[in-house]
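Data from data_0.cif: mmCIF, C-alpha atoms
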```cif
data_target
#
loop_
_atom_site.label_atom_id
_atom_site.label_comp_id
_atom_site.auth_asym_id
_atom_site.auth_seq_id
_atom_site.Cartn_x
_atom_site.Cartn_y
_atom_site.Cartn_z
CA MET A 29 149.38 217.83 21.34
CA SER A 30 152.41 218.26 23.57
CA THR A 31 152.35 217.17 27.18
CA SER A 32 153.47 219.51 29.87
CA PRO A 33 156.39 218.43 32.11
CA ALA A 34 154.06 218.40 35.09
CA GLU A 35 151.65 216.01 33.34
CA THR A 36 154.51 213.75 32.29
CA LEU A 37 155.85 213.65 35.83
CA ALA A 38 152.39 212.93 37.20
CA ALA A 39 151.90 210.04 34.76
CA VAL A 40 155.28 208.53 35.67
CA ALA A 41 154.65 208.99 39.39
CA GLU A 42 151.24 207.31 39.15
CA LYS A 43 152.69 204.26 37.43
CA ASP A 44 155.42 203.97 40.03
CA THR A 45 153.05 203.81 42.97
CA TRP A 46 151.32 200.64 44.09
CA THR A 47 148.02 202.48 44.30
CA GLY A 48 148.41 203.66 40.71
CA LYS A 49 149.26 200.17 39.51
CA ILE A 50 146.29 198.64 41.32
CA ARG A 51 144.00 201.30 39.90
CA GLU A 52 145.25 200.69 36.38
CA LYS A 53 144.77 196.94 36.72
CA ALA A 54 141.34 197.37 38.28
CA VAL A 55 140.09 199.74 35.59
CA GLU A 56 141.55 197.51 32.90
CA ALA A 57 139.80 194.43 34.33
CA LEU A 58 136.53 196.15 35.19
CA PRO A 59 135.92 199.41 33.35
CA PRO A 60 132.97 201.38 34.78
CA GLU A 61 130.59 200.45 31.96
CA ARG A 62 131.22 196.78 32.72
CA LEU A 63 131.17 197.15 36.49
CA LEU A 64 127.77 198.86 36.47
CA PRO A 65 126.19 198.05 33.11
CA ASP A 66 122.86 199.55 32.16
CA ARG A 67 122.17 196.95 29.47
CA GLN A 68 122.26 193.17 29.42
CA PRO A 69 122.16 190.60 26.63
CA ALA A 70 118.71 189.66 25.39
CA TYR A 71 118.80 186.17 26.88
CA VAL A 72 119.09 187.58 30.41
CA ALA A 73 115.40 188.53 30.25
CA SER A 74 114.34 185.33 32.01
CA TRP A 75 113.17 184.59 35.55
CA SER A 76 115.89 181.97 35.79
CA TYR A 77 118.47 184.77 35.83
CA VAL A 78 117.00 186.65 38.81
CA PHE A 79 117.78 184.22 41.62
CA GLY A 80 121.34 185.44 42.08
CA ALA A 81 120.09 188.96 42.74
CA LEU A 82 117.32 187.61 44.98
CA SER A 83 119.94 185.74 47.01
CA ILE A 84 121.89 188.95 47.52
CA GLY A 85 118.70 190.76 48.51
CA ALA A 86 117.90 188.11 51.11
CA PHE A 87 121.49 188.24 52.37
CA ILE A 88 121.18 192.00 52.90
CA VAL A 89 118.02 191.43 54.98
CA VAL A 90 119.90 188.79 56.97
CA LEU A 91 122.70 191.27 57.71
CA LEU A 92 120.37 194.12 58.64
CA SER A 93 118.12 192.04 60.89
CA GLY A 94 121.20 190.47 62.50
CA ALA A 95 122.59 193.93 63.19
CA VAL A 96 119.37 194.91 64.96
CA LEU A 97 119.49 191.71 67.04
CA ALA A 98 123.09 192.47 67.99
CA VAL A 99 122.13 195.95 69.15
CA GLU A 100 119.23 194.85 71.34
CA GLY A 101 120.39 191.49 72.74
CA PRO A 102 118.82 188.12 73.59
CA ALA A 103 116.40 189.28 76.29
CA TRP A 104 114.83 191.57 73.70
CA TRP A 105 114.63 189.07 70.85
CA HIS A 106 113.15 186.37 73.12
CA LYS A 107 110.65 188.48 75.07
CA SER A 108 109.38 191.56 73.24
CA ASN A 109 107.00 191.41 70.31
CA VAL A 110 109.24 193.50 68.08
CA GLY A 111 112.24 191.41 69.11
CA LEU A 112 110.42 188.21 68.25
CA PHE A 113 109.49 189.70 64.89
CA VAL A 114 113.09 190.69 64.08
CA ASN A 115 114.28 187.30 65.30
CA SER A 116 111.85 185.62 62.93
CA LEU A 117 112.82 188.01 60.15
CA HIS A 118 116.45 186.98 60.64
CA MET A 119 115.55 183.29 60.46
CA TRP A 120 113.18 183.52 57.49
CA SER A 121 115.48 185.76 55.46
CA THR A 122 118.12 183.07 55.97
CA GLU A 123 115.66 180.45 54.74
CA PHE A 124 114.92 182.51 51.66
CA PHE A 125 118.64 183.19 51.15
CA PHE A 126 119.27 179.45 50.95
CA MET A 127 116.19 178.76 48.83
CA PHE A 128 117.14 181.39 46.27
CA MET A 129 120.75 180.26 46.34
CA VAL A 130 119.78 176.62 45.70
CA VAL A 131 117.50 177.53 42.78
CA HIS A 132 120.28 179.80 41.46
CA LEU A 133 122.70 176.86 41.74
CA TRP A 134 120.31 174.48 39.94
CA ALA A 135 119.67 176.95 37.13
CA LYS A 136 123.38 177.62 36.64
CA PHE A 137 124.20 173.92 36.80
CA PHE A 138 121.79 173.10 33.98
CA MET A 139 123.17 176.06 32.00
CA ALA A 140 126.72 174.73 32.55
CA ALA A 141 127.51 178.24 33.73
CA TRP A 142 131.23 177.51 34.02
CA ARG A 143 131.56 177.72 30.22
CA GLY A 144 133.59 180.51 28.64
CA ARG A 145 136.30 181.03 31.26
CA ARG A 146 133.72 181.24 34.04
CA LYS A 147 135.18 178.48 36.21
CA ALA A 148 136.25 180.96 38.92
CA THR A 149 132.71 182.37 38.99
CA TRP A 150 131.30 178.88 39.57
CA ILE A 151 133.90 178.03 42.23
CA THR A 152 133.35 181.23 44.20
CA GLY A 153 129.63 180.43 44.16
CA VAL A 154 130.33 176.99 45.60
CA ILE A 155 132.53 178.52 48.32
CA ALA A 156 129.86 181.10 49.15
CA PHE A 157 127.30 178.31 49.52
CA ALA A 158 129.58 176.21 51.75
CA VAL A 159 130.55 179.10 54.03
CA SER A 160 126.90 180.17 54.27
CA ILE A 161 126.03 176.75 55.68
CA GLY A 162 128.59 177.29 58.43
CA ALA A 163 127.21 180.74 59.12
CA ALA A 164 123.69 179.36 59.40
CA PHE A 165 124.68 176.48 61.68
CA THR A 166 126.52 178.79 64.07
CA GLY A 167 123.32 180.85 64.12
CA TYR A 168 121.46 177.86 65.58
CA LEU A 169 124.11 177.81 68.34
CA SER A 170 123.71 181.54 69.05
CA GLN A 171 119.98 181.65 69.83
CA GLN A 172 120.59 181.58 73.60
CA ASN A 173 117.80 179.17 74.49
CA PHE A 174 117.39 175.48 75.26
CA ASP A 175 117.17 174.75 71.56
CA SER A 176 120.68 176.06 70.92
CA GLU A 177 122.02 174.17 73.95
CA TRP A 178 120.49 170.95 72.67
CA ILE A 179 121.87 171.52 69.16
CA GLY A 180 125.32 172.26 70.61
CA THR A 181 125.44 169.08 72.66
CA GLN A 182 124.30 167.03 69.65
CA ALA A 183 126.65 168.75 67.20
CA LYS A 184 129.78 168.32 69.31
CA ASP A 185 129.90 164.59 68.61
CA GLY A 186 129.65 165.13 64.87
CA ILE A 187 132.31 167.85 64.92
CA ASN A 188 134.62 165.81 67.18
CA SER A 189 134.34 162.82 64.87
CA THR A 190 135.90 164.93 62.11
CA GLY A 191 138.81 165.99 64.32
CA ALA A 192 137.86 169.65 64.04
CA GLY A 193 136.61 169.79 67.63
CA ALA A 194 140.08 170.76 68.86
CA PHE A 195 139.75 174.25 67.42
CA TRP A 196 136.02 174.38 66.66
CA ASN A 197 134.17 173.85 69.94
CA VAL A 198 130.44 174.11 69.41
CA LEU A 199 129.92 174.15 73.18
CA ASN A 200 131.98 177.34 73.43
CA PHE A 201 129.22 179.91 73.05
CA GLY A 202 131.56 182.90 72.83
CA GLN A 203 133.54 181.30 70.02
CA MET A 204 130.43 180.28 68.07
CA LEU A 205 128.86 183.73 68.49
CA MET A 206 131.99 185.46 67.16
CA TRP A 207 132.14 183.09 64.21
CA HIS A 208 128.44 183.75 63.55
CA ILE A 209 128.37 187.53 63.79
CA VAL A 210 131.89 188.47 62.64
CA LEU A 211 134.05 185.95 60.81
CA LEU A 212 131.60 183.95 58.70
CA PRO A 213 129.41 186.91 57.58
CA LEU A 214 132.61 188.72 56.60
CA VAL A 215 133.80 185.77 54.53
CA VAL A 216 130.37 185.25 52.94
CA ALA A 217 130.14 188.94 52.03
CA MET A 218 133.64 188.97 50.57
CA VAL A 219 133.12 185.81 48.52
CA ILE A 220 129.76 187.06 47.23
CA GLY A 221 131.43 190.35 46.29
CA LEU A 222 134.15 188.50 44.40
CA HIS A 223 131.51 186.32 42.75
CA VAL A 224 129.60 189.38 41.52
CA LEU A 225 132.79 191.03 40.25
CA LEU A 226 133.60 187.87 38.29
CA VAL A 227 130.10 187.88 36.83
CA ARG A 228 130.72 191.45 35.71
CA ARG A 229 134.15 190.55 34.37
CA ARG A 230 133.13 187.49 32.36
CA GLY A 231 129.52 188.38 31.69
CA VAL A 232 126.39 186.32 32.25
CA VAL A 233 126.64 182.88 30.70
CA PRO A 234 124.73 182.65 27.41
CA PRO A 235 122.32 179.82 26.64
CA PHE A 236 123.38 176.80 24.65
CA ALA A 237 123.28 177.09 20.90
CA PRO A 238 120.16 175.55 19.44
CA THR A 239 120.46 172.17 17.79
CA GLU A 240 119.24 171.60 14.25
CA ALA A 241 116.29 169.67 15.65
CA GLN A 242 115.33 172.65 17.81
CA LEU A 243 115.66 174.97 14.83
CA ALA A 244 113.47 172.70 12.77
CA LYS A 245 110.88 172.52 15.52
CA ALA A 246 110.81 176.32 15.58
CA GLY A 247 110.24 176.35 11.83
CA LEU A 248 113.72 177.64 11.08
CA THR A 249 116.30 176.08 8.80
CA LEU A 250 119.95 176.65 8.14
CA THR A 251 120.75 177.92 4.67
CA THR A 252 124.24 176.43 4.75
CA THR A 253 125.37 172.87 5.32
CA ALA A 254 128.11 174.05 7.67
CA ALA A 255 127.13 174.87 11.21
CA PRO A 256 127.69 178.50 12.17
CA THR A 257 131.06 178.83 13.82
CA VAL A 258 130.37 181.92 15.86
CA SER A 259 127.27 183.77 16.84
CA PRO A 260 128.53 187.30 17.52
CA PRO A 261 125.37 188.68 19.14
CA LEU A 262 125.60 186.08 21.90
CA LEU A 263 129.36 185.92 22.11
CA GLN A 264 130.84 186.58 25.51
CA GLU A 265 134.21 188.09 24.85
CA PRO A 266 135.96 188.98 28.13
CA VAL A 267 138.01 191.95 26.95
CA GLU A 268 135.64 193.81 24.71
CA PRO A 269 132.48 195.35 26.22
CA LEU A 270 129.65 192.94 26.75
CA PRO A 271 127.07 192.64 23.99
CA THR A 272 124.80 194.94 25.86
CA GLU A 273 123.65 197.00 22.95
CA GLN A 274 120.83 194.67 22.08
CA PRO A 275 117.39 195.96 22.91
CA VAL A 276 115.44 194.22 25.61
CA PRO A 277 113.75 191.28 23.87
CA GLN A 278 110.18 191.58 22.75
CA GLU A 279 109.67 187.83 23.05
CA PRO A 280 110.24 185.17 25.71
CA VAL A 281 113.84 184.24 26.37
CA ALA A 282 113.90 181.03 24.41
CA ALA A 283 113.10 182.79 21.16
CA PRO A 284 116.26 184.89 20.71
CA ALA A 285 118.50 181.90 21.30
CA LEU A 286 116.73 180.06 18.52
CA GLN A 287 116.46 182.91 16.10
CA GLU A 288 119.74 184.72 16.31
CA PRO A 289 122.07 181.90 15.26
CA THR A 290 119.77 181.26 12.33
CA ALA A 291 120.10 184.81 11.18
CA GLN A 292 123.85 184.40 11.34
CA ALA A 293 123.69 181.07 9.60
CA SER A 294 122.83 182.67 6.29
CA THR A 295 126.07 184.61 6.47
CA PRO A 296 128.50 182.34 8.25
CA GLN A 297 131.38 184.16 9.82
CA GLU A 298 134.84 183.17 10.84
CA PRO A 299 135.76 183.52 14.52
CA PRO A 300 137.58 186.73 15.38
CA PRO A 301 141.34 186.20 15.28
CA GLY A 302 142.96 185.53 18.60
CA LEU A 303 139.74 184.67 20.39
CA PRO A 304 140.21 181.82 22.91
CA GLN A 305 138.46 178.66 21.80
CA GLU A 306 136.62 178.22 25.08
CA LEU A 307 134.76 181.46 24.46
CA LEU A 308 133.15 180.14 21.34
CA TRP A 309 130.21 178.85 23.22
CA ASN A 310 128.45 177.32 20.29
CA LEU A 311 131.35 175.30 18.97
CA PRO A 312 130.55 171.57 18.79
CA GLU A 313 132.78 170.68 21.75
CA ASP A 314 131.07 173.30 23.86
CA GLN A 315 127.69 171.71 23.32
CA THR A 316 128.65 168.54 25.12
CA MET B 7 99.29 186.41 63.90
CA ASN B 8 97.20 184.07 66.05
CA LEU B 9 95.33 182.88 62.99
CA LEU B 10 98.61 182.07 61.26
CA ALA B 11 99.91 180.33 64.35
CA ALA B 12 96.76 178.23 64.44
CA LEU B 13 97.19 177.18 60.82
CA VAL B 14 100.78 175.98 61.21
CA HIS B 15 101.94 174.83 64.61
CA LEU B 16 105.64 175.61 64.57
CA GLY B 17 106.39 174.73 68.18
CA GLY B 18 105.45 171.06 68.13
CA THR B 19 107.37 167.90 67.42
CA GLY B 20 108.61 167.63 63.87
CA LYS B 21 106.91 165.28 61.42
CA TYR B 22 109.15 162.90 59.48
CA ILE B 23 108.55 160.85 56.38
CA SER B 24 110.42 157.58 56.09
CA TRP B 25 111.02 155.55 52.93
CA GLY B 26 113.35 152.63 53.53
CA VAL B 27 116.64 153.98 54.78
CA LEU B 28 115.66 157.50 53.74
CA GLN B 29 114.10 159.85 56.22
CA ILE B 30 113.26 163.51 55.77
CA SER B 31 111.29 166.00 57.79
CA LEU B 32 108.05 167.19 56.29
CA SER B 33 109.18 170.82 56.46
CA ASN B 34 112.38 170.07 54.52
CA LEU B 35 110.42 168.08 51.95
CA ILE B 36 108.02 171.00 51.48
CA ILE B 37 110.93 173.43 51.06
CA ILE B 38 112.56 171.19 48.42
CA ALA B 39 109.24 170.92 46.58
CA VAL B 40 108.82 174.71 46.68
CA MET B 41 112.32 175.19 45.28
CA ILE B 42 111.62 172.78 42.41
CA ILE B 43 108.36 174.61 41.68
CA MET B 44 110.25 177.92 41.69
CA LEU B 45 112.81 176.61 39.21
CA VAL B 46 110.18 175.20 36.86
CA ALA B 47 108.14 178.41 37.09
CA ALA B 48 111.24 180.53 36.43
CA ILE B 49 111.89 178.60 33.23
CA ALA B 50 108.29 178.35 32.09
CA LEU B 51 106.86 181.77 32.91
CA PRO B 52 107.50 184.58 30.42
CA PHE B 53 109.55 187.51 31.61
CA PRO B 54 107.79 190.91 31.58
CA LYS B 55 108.45 192.95 28.47
CA HIS B 56 109.94 196.41 28.62
CA GLU B 57 110.10 199.19 26.13
CA THR B 58 113.55 199.80 24.73
CA ARG B 59 115.09 202.63 26.69
CA ARG B 60 117.79 203.48 24.19
CA LYS B 61 117.58 203.13 20.45
#
```

Could you show the structure in this file as structure tokens?
Amino acid sequence: MSTSPAETLAAVAEKDTWTGKIREKAVEALPPERLLPDRQPAYVASWSYVFGALSIGAFIVVLLSGAVLAVEGPAWWHKSNVGLFVNSLHMWSTEFFFMFMVVHLWAKFFMAAWRGRRKATWITGVIAFAVSIGAAFTGYLSQQNFDSEWIGTQAKDGINSTGAGAFWNVLNFGQMLMWHIVLLPLVVAMVIGLHVLLVRRRGVVPPFAPTEAQLAKAGLTLTTTAAPTVSPPLLQEPVEPLPTEQPVPQEPVAAPALQEPTAQASTPQEPPPGLPQELLWNLPEDQT
Amino acid sequence: MNLLAALVHLGGTGKYISWGVLQISLSNLIIIAVMIIMLVAAIALPFPKHETRRK
């Protein structure tokens, strides 16, 4: 099929613009079906995978309740019943945000979730956690009561001992309030957004491959003496679409991880050519 | 609300537990315990099953 001159010119013009280049790169890195997938691998059907989403949910409540507090002001949140409720909602949603984030961190730590070129995902999570602590601490300084004054006078010595007191003055209410309601929430939201995009890009980390002892305990045996090199159903390949075509599991999450490599073991396969070694999550060195 | 406030007095002096050089507030200890329980429950409890939406 021939291309019209207008179409050719449009294609060339798009590639020559910075917006066109960014769009091309963005779509290449995160095609729509990967950005908003409607299917997930079978092993994601576990409660241990929901705490990231719960953290984001709590963060949204923090932002919304904080916005209401900003609209009404301190006299309202200290005196009126509704204001006290929203004030408490802001505090407790922060508590839940941190609780969910810590459980999410623990779960991902024990999964070694940085496997398979997911180091940037892990690091952005660490940054989000660290910046969130700063956002929460500046919140204690922004209450506008004796409690916040006491915390400020106690915190100044700790901050000054680090040398950061020259540009980070916890007794400067205006500065702390701006950090709390503008700068730090913006950074937390941006880092969380980047974290989620990286999760979409690299996929959710798969579970560890079962050991022979675990297979034996489950009543399963390998039919070959050689360990399976690759388990395609659980493979997380960053360029091809995620293995989202599996049906939602009919059994608890531990079962697919034990059964699927066994099914592959009877017909051992070679790794796809050109696949980076670190993606082969069930290679011996990846089980360490 | 008053009943809840009577159950847990949130405005009083904090309670602390000391063990040698370690010291932690009771509220923080409870939160850590709750988080550990949540993690164990998330691993142990089965996830709800769904019908396959697309064959």

**Study point:** Expansion of the PyMOL selection byres ((chain A and resi 58) around 10) into residues, as an MDAnalysis selection string
**Key:** chainID A and resid 52:57 59:64 225:226 228:230 267 269

Practice item. Evaluate the PyMOL selection byres ((chain A and resi 84) around 10) and record the selected residues as number ranges by chain, following the chain and residue labels used in the document. Key: A: 79-83, 85-90, 125, 128-129, 217, 220-221, 224

Grab the residues selected above and save them as a short mmCIF file (atom, residue, chain, number, x, y, z; two decimals), in the frame of the given file with C-alpha atoms.
```
data_model
loop_
_atom_site.label_atom_id
_atom_site.label_comp_id
_atom_site.auth_asym_id
_atom_site.auth_seq_id
_atom_site.Cartn_x
_atom_site.Cartn_y
_atom_site.Cartn_z
CA PHE A 79 117.78 184.22 41.62
CA GLY A 80 121.34 185.44 42.08
CA ALA A 81 120.09 188.96 42.74
CA LEU A 82 117.32 187.61 44.98
CA SER A 83 119.94 185.74 47.01
CA GLY A 85 118.70 190.76 48.51
CA ALA A 86 117.90 188.11 51.11
CA PHE A 87 121.49 188.24 52.37
CA ILE A 88 121.18 192.00 52.90
CA VAL A 89 118.02 191.43 54.98
CA VAL A 90 119.90 188.79 56.97
CA PHE A 125 118.64 183.19 51.15
CA PHE A 128 117.14 181.39 46.27
CA MET A 129 120.75 180.26 46.34
CA ALA A 217 130.14 188.94 52.03
CA ILE A 220 129.76 187.06 47.23
CA GLY A 221 131.43 190.35 46.29
CA VAL A 224 129.60 189.38 41.52
#
```

Check your understanding: What does the distance between atom CA of Met218 of chain A and atom CA of Val198 of chain A come to in Å, to one decimal place?
Key ->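 Atom CA of Val198 of chain A lies 24.2 Å from atom CA of Met218 of chain A.
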
Check your understanding: Looking at all atoms listed in the file, which of B:Ala48, B:Leu28, B:Ser33, B:Pro54 is the one that sits closest to chain A?
Key ->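 The closest residue to chain A is B:Ala48.
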
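You will find atom CA of Leu205 of chain A at 21.9 Å from atom CA of Ser189 of chain A.
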
Check your understanding: Counting only C-alpha atoms, which residues come within 12 Å of (110.1, 176.0, 38.7), with the point read in the file's coordinates, and could you list them as a PyMOL selection string?
Key -> (chain A and resi 75-76+79+128+130-132+134-135) or (chain B and resi 38-51)

For the residues selected in the previous step, produce a file with C-alpha atoms as a PDB file, in the coordinates of the input.
```
ATOM      1  CA  TRP A  75     113.170 184.590  35.550  1.00  0.00           C
ATOM      2  CA  SER A  76     115.890 181.970  35.790  1.00  0.00           C
ATOM      3  CA  PHE A  79     117.780 184.220  41.620  1.00  0.00           C
ATOM      4  CA  PHE A 128     117.140 181.390  46.270  1.00  0.00           C
ATOM      5  CA  VAL A 130     119.780 176.620  45.700  1.00  0.00           C
ATOM      6  CA  VAL A 131     117.500 177.530  42.780  1.00  0.00           C
ATOM      7  CA  HIS A 132     120.280 179.800  41.460  1.00  0.00           C
ATOM      8  CA  TRP A 134     120.310 174.480  39.940  1.00  0.00           C
ATOM      9  CA  ALA A 135     119.670 176.950  37.130  1.00  0.00           C
TER      10      ALA A 135
ATOM     11  CA  ILE B  38     112.560 171.190  48.420  1.00  0.00           C
ATOM     12  CA  ALA B  39     109.240 170.920  46.580  1.00  0.00           C
ATOM     13  CA  VAL B  40     108.820 174.710  46.680  1.00  0.00           C
ATOM     14  CA  MET B  41     112.320 175.190  45.280  1.00  0.00           C
ATOM     15  CA  ILE B  42     111.620 172.780  42.410  1.00  0.00           C
ATOM     16  CA  ILE B  43     108.360 174.610  41.680  1.00  0.00           C
ATOM     17  CA  MET B  44     110.250 177.920  41.690  1.00  0.00           C
ATOM     18  CA  LEU B  45     112.810 176.610  39.210  1.00  0.00           C
ATOM     19  CA  VAL B  46     110.180 175.200  36.860  1.00  0.00           C
ATOM     20  CA  ALA B  47     108.140 178.410  37.090  1.00  0.00           C
ATOM     21  CA  ALA B  48     111.240 180.530  36.430  1.00  0.00           C
ATOM     22  CA  ILE B  49     111.890 178.600  33.230  1.00  0.00           C
ATOM     23  CA  ALA B  50     108.290 178.350  32.090  1.00  0.00           C
ATOM     24  CA  LEU B  51     106.860 181.770  32.910  1.00  0.00           C
TER      25      LEU B  51
END
```

Check your understanding: Between atom CA of Ala241 of chain A and atom CA of Arg146 of chain A, what is the distance, to one decimal in Å?
Key -> 27.9 Å

Review point. Near Leu32 of chain B, within 12 Å and counting all atoms listed in the file, which residues show up once chain neighbours fewer than 4 positions away are dropped, as a ChimeraX atom specification?
Key: /B:19-24,36-39

Expected file: the selected residues, C-alpha atoms, as an mmCIF file, in the frame of the given file:
```cif
data_model
loop_
_atom_site.group_PDB
_atom_site.id
_atom_site.type_symbol
_atom_site.label_atom_id
_atom_site.label_comp_id
_atom_site.auth_asym_id
_atom_site.auth_seq_id
_atom_site.Cartn_x
_atom_site.Cartn_y
_atom_site.Cartn_z
ATOM 1 C CA THR B 19 107.370 167.900 67.420
ATOM 2 C CA GLY B 20 108.610 167.630 63.870
ATOM 3 C CA LYS B 21 106.910 165.280 61.420
ATOM 4 C CA TYR B 22 109.150 162.900 59.480
ATOM 5 C CA ILE B 23 108.550 160.850 56.380
ATOM 6 C CA SER B 24 110.420 157.580 56.090
ATOM 7 C CA ILE B 36 108.020 171.000 51.480
ATOM 8 C CA ILE B 37 110.930 173.430 51.060
ATOM 9 C CA ILE B 38 112.560 171.190 48.420
ATOM 10 C CA ALA B 39 109.240 170.920 46.580
#
```

Practice item. Run the PyMOL selection byres ((chain A and resi 114) around 9) mentally over the shown coordinates, then write out the matched residues as a list in words, using the chain letters and numbers from the document. Key: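 Checking the PyMOL selection byres ((chain A and resi 114) around 9) against this file, the residues are Ser93, Gly94, Val96, Leu97, Trp105, Asn109, Val110, Gly111, Leu112, Phe113, Asn115, Ser116, Leu117, His118 and Met119 of chain A.
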
Review point. So which one's closest to chain B, A:Val210, A:Ala73, A:Ile161, A:Ala156? Using only C-alpha atoms, please.
Key: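 Smallest distance to chain B is found for A:Ala73.
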
Exercise for review: Counting all atoms listed in the file, figure out which residue out of A:Pro235, A:Gly247, A:Gly101, A:Gly167 gets nearest to Ala140 of chain A.
Suggested key: A:Pro235

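With only C-alpha atoms as the atoms that count, the minimum distance from His106 of chain A to the choices A:Trp207, A:Phe174, A:Phe195, A:Phe137 is reached by A:Phe174.
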
Exercise for review: Identify which of the residues A:Thr152, A:Leu222, A:Pro238, A:Phe126 lies closest to chain B, counting all atoms listed in the file when measuring atom-to-atom distances.
Suggested key: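 Looking at the shortest contact to chain B, the residue is A:Phe126.
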